[in-house]
Structures are given as C-alpha cells and as structure tokens.
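Engineer: Just passing along the structure, written as structure tokens.
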Amino acid sequence: MISAEALQYWFLQTVAMLLTAFVIPRFRIKGPLAALMLVLVLGFVNSTIWDAALFLHIPDSATTHAAVVLLANGILFWILVKLIPGIEVIGLLPALAAPVVFSLVSVLTYQYGREIDWLALGEQAIQVITRIRDQLSGVKTAQPGGG
C-alpha cells in the first residue's frame, strides 16, 4: 500500500515538472500523465543508473567537471524525453536547463506544497467549477436563506 506521503511526493514532483515545462520555452508536456511518467522514469534512472550523489560533487566554481556533469545530465534528460510519449524538447539548451530548473522548482514545490490540504483545495475547486457551469448553463441553484 502506498502511503499518503508518498502519493503527495509524486503529485508534487509532477506539479514541479509541469511548472518546469511552463517556465522553459521549447519544452512541452502534453498533460499530467506524461509529466508523471517523466517524473517516475527520472526517479528510476536517478536511483539505479545515474548516481544522484554525483551532483553533490559539483564544485562551487565553474570547472570542466561541473560542465561535463551538467552536459551529461542534459543529454540523459533529452534521451528520456525522446522516449516518453507526450513530451517534447526542442534544442539542446532547453534539455540542459530543464533538469536544473526542475530540481529548483521541485525543492520549492515540495517545501511549500506539503502544507496545502490538497483534498480541501480540490473540493473547493469542484464547487467553484460547478457554480460557474451552472451559471453559464442558466441552472438556478438554491440560495442559502431561501431567496
């Protein structure tokens, strides 16, 4: 059984990926399912193939080692994007920038997104959408207090 915390983590990672695609030009994700697939594949690659600890060894200054690590990460990201349907990256620069931006957005999203009650927010969104739909379709809804 998957815990609520694990579901929240993957949900926030997916949101972070969608925000990354929103921020980076020429990086497009066609929907939340494609973003989730990319996040899951990146998680798998980072935990099995790619040594995520490698990024901890990037020096503070710009060196050849840092450039090679960022380039390798961008190429790996570009390859994964080409393999997953519903995701498109055009050019090397967006492929290089996307993993870096995703990492930053992911940290921020997780930091602040954990405090949000997503179920309550979803219920409120459904209520608002229902009210708007009813108003646009001309359906009269019962007003509190009889009116």
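How things are named: the first chain in the structure tokens is A, the next is B, and so on; residues count from 1 in each chain; ligands count from 1 in the order shown.
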Extract, using only C-alpha atoms, all DNA, RNA and protein residues at most 8 Å from Ile24 in chain A, discarding same-chain residues fewer than 3 positions from it, and format them as a PyMOL selection string.
Structural biologist: chain A and resi 20-21+27+94+97-98
Engineer: Could you write those residues out with C-alpha atoms, as an mmCIF file, in the first residue's frame?
Structural biologist:
data_model
loop_
_atom_site.group_PDB
_atom_site.id
_atom_site.type_symbol
_atom_site.label_atom_id
_atom_site.label_comp_id
_atom_site.auth_asym_id
_atom_site.auth_seq_id
_atom_site.Cartn_x
_atom_site.Cartn_y
_atom_site.Cartn_z
ATOM 1 C CA THR A 20 9.221 23.464 -15.364
ATOM 2 C CA ALA A 21 7.638 22.945 -18.771
ATOM 3 C CA PHE A 27 9.915 22.187 -23.512
ATOM 4 C CA PRO A 94 16.172 23.570 -23.030
ATOM 5 C CA ALA A 97 18.218 23.854 -18.468
ATOM 6 C CA ALA A 98 15.183 21.659 -17.716
#
Engineer: Excluding Leu83 in chain A and any residue of its chain fewer than 3 positions from it, enumerate the residues within 12 Å of it, using only C-alpha atoms, and give them as a list of chain:residue names.
Structural biologist: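 My list of contacting residues is A:Ala34, A:Met37, A:Leu38, A:Val41, A:Leu42, A:Leu76, A:Phe77, A:Trp78, A:Ile79, A:Leu80, A:Gly86, A:Ile87, A:Glu88, A:Val89.
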Engineer: Would you mind exporting C-alpha atoms of the selected residues as a PDB file, in the first residue's frame?
Structural biologist:
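File produced: out.pdb:
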ATOM      1  CA  ALA A  34       3.061  12.455 -19.378  1.00  0.00           C
ATOM      2  CA  MET A  37       5.634   9.272 -16.447  1.00  0.00           C
ATOM      3  CA  LEU A  38       8.687  11.511 -16.861  1.00  0.00           C
ATOM      4  CA  VAL A  41      11.331   7.452 -15.158  1.00  0.00           C
ATOM      5  CA  LEU A  42      13.686  10.158 -13.857  1.00  0.00           C
ATOM      6  CA  LEU A  76      20.267  11.945 -20.356  1.00  0.00           C
ATOM      7  CA  PHE A  77      17.202  14.150 -19.891  1.00  0.00           C
ATOM      8  CA  TRP A  78      16.960  14.732 -23.645  1.00  0.00           C
ATOM      9  CA  ILE A  79      17.116  10.956 -24.311  1.00  0.00           C
ATOM     10  CA  LEU A  80      14.412  10.220 -21.731  1.00  0.00           C
ATOM     11  CA  GLY A  86       3.587  13.308 -24.783  1.00  0.00           C
ATOM     12  CA  ILE A  87       6.788  15.225 -24.036  1.00  0.00           C
ATOM     13  CA  GLU A  88       8.796  17.349 -26.427  1.00  0.00           C
ATOM     14  CA  VAL A  89      12.032  19.285 -26.058  1.00  0.00           C
TER      15      VAL A  89
END
Engineer: Can you work out the spacing between CA of Lys30 in chain A and CA of Val105 in chain A in Å, to one decimal?
Structural biologist: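 Between CA of Lys30 in chain A and CA of Val105 in chain A the gap is 18.9 Å.
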Engineer: What's around Leu36 in chain A at 8 Å? Count only C-alpha atoms, leave out sequence neighbours fewer than 3 positions away in its own chain, and write the answer as a PyMOL selection string.
Structural biologist: chain A and resi 10-11+13-14+32-33+39-40
Engineer: Could you please take those selected residues and save N, CA and C atoms as an mmCIF file, in the first residue's frame?
Structural biologist:
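That gives us out17.cif:
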data_model
loop_
_atom_site.group_PDB
_atom_site.id
_atom_site.type_symbol
_atom_site.label_atom_id
_atom_site.label_comp_id
_atom_site.auth_asym_id
_atom_site.auth_seq_id
_atom_site.Cartn_x
_atom_site.Cartn_y
_atom_site.Cartn_z
ATOM 1 N N TRP A 10 4.920 12.286 -5.073
ATOM 2 C CA TRP A 10 4.882 12.098 -6.524
ATOM 3 C C TRP A 10 3.961 13.125 -7.186
ATOM 4 N N PHE A 11 2.875 13.489 -6.512
ATOM 5 C CA PHE A 11 1.991 14.532 -7.029
ATOM 6 C C PHE A 11 2.750 15.860 -7.129
ATOM 7 N N GLN A 13 5.983 16.292 -7.302
ATOM 8 C CA GLN A 13 7.011 16.173 -8.333
ATOM 9 C C GLN A 13 6.407 16.388 -9.718
ATOM 10 N N THR A 14 5.206 15.853 -9.925
ATOM 11 C CA THR A 14 4.518 16.031 -11.202
ATOM 12 C C THR A 14 4.165 17.500 -11.423
ATOM 13 N N PRO A 32 -0.777 15.947 -17.550
ATOM 14 C CA PRO A 32 -0.252 15.488 -16.266
ATOM 15 C C PRO A 32 0.245 14.039 -16.283
ATOM 16 N N LEU A 33 -0.380 13.198 -17.082
ATOM 17 C CA LEU A 33 0.060 11.795 -17.137
ATOM 18 C C LEU A 33 1.461 11.690 -17.742
ATOM 19 N N VAL A 39 8.509 11.965 -14.484
ATOM 20 C CA VAL A 39 8.989 12.021 -13.105
ATOM 21 C C VAL A 39 9.334 10.612 -12.602
ATOM 22 N N LEU A 40 8.479 9.641 -12.910
ATOM 23 C CA LEU A 40 8.744 8.260 -12.478
ATOM 24 C C LEU A 40 9.998 7.696 -13.144
#
Engineer: From the DSSP assignment of the backbone, select every residue of chain A that is strand (DSSP E or B), and format the answer as a VMD selection string.
Structural biologist: chain A and resid 27 to 29 87 to 89
Engineer: With C-alpha atoms retained, could you export that selection as a short mmCIF file (atom, residue, chain, number, x, y, z; two decimals), in the first residue's frame?
Structural biologist:
data_model
loop_
_atom_site.label_atom_id
_atom_site.label_comp_id
_atom_site.auth_asym_id
_atom_site.auth_seq_id
_atom_site.Cartn_x
_atom_site.Cartn_y
_atom_site.Cartn_z
CA PHE A 27 9.92 22.19 -23.51
CA ARG A 28 6.34 20.93 -23.73
CA ILE A 29 4.39 18.36 -21.76
CA ILE A 87 6.79 15.23 -24.04
CA GLU A 88 8.80 17.35 -26.43
CA VAL A 89 12.03 19.29 -26.06
#
Engineer: Determine the nearest neighbour of Phe102 in chain A from the options A:Ser3, A:Phe44, A:Gly74, A:Asp134, counting only C-alpha atoms.
Structural biologist: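 Nearest candidate to Phe102 in chain A out of A:Ser3, A:Phe44, A:Gly74, A:Asp134: A:Gly74.
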Engineer: Within 12 Å of range 114-131 of chain A, which residues of range 56-108 of chain A show up? Give each one with its shortest atom-to-atom distance in Å (one decimal) and the two atoms involved, counting only C-alpha atoms, rows by chain then rising residue number, as a Markdown table.
Structural biologist:
| residue | atom | partner | partner_atom | distance |
| --- | --- | --- | --- | --- |
| A:Ser106 | CA | A:Arg114 | CA | 11.7 |
| A:Val107 | CA | A:Arg114 | CA | 10.9 |
| A:Leu108 | CA | A:Arg114 | CA | 10.1 |
Engineer: Just asking: which residues within range 16-97 of chain A are alpha helix (DSSP H) according to DSSP, as a VMD selection string?
Structural biologist: chain A and resid 16 to 23 32 to 48 64 to 83 92 to 97
Engineer: In Å to one decimal, how far is CA of Arg26 in chain A from CA of Val81 in chain A?
Structural biologist: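 Answer for the CA of Val81 in chain A to CA of Arg26 in chain A separation: 12.3 Å.
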Engineer: For CA of Gly31 in chain A and CA of Val69 in chain A, determine how far apart the two atoms are, in Å to one decimal place.
Structural biologist: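 Spanning CA of Gly31 in chain A to CA of Val69 in chain A is a straight-line distance of 29.1 Å.
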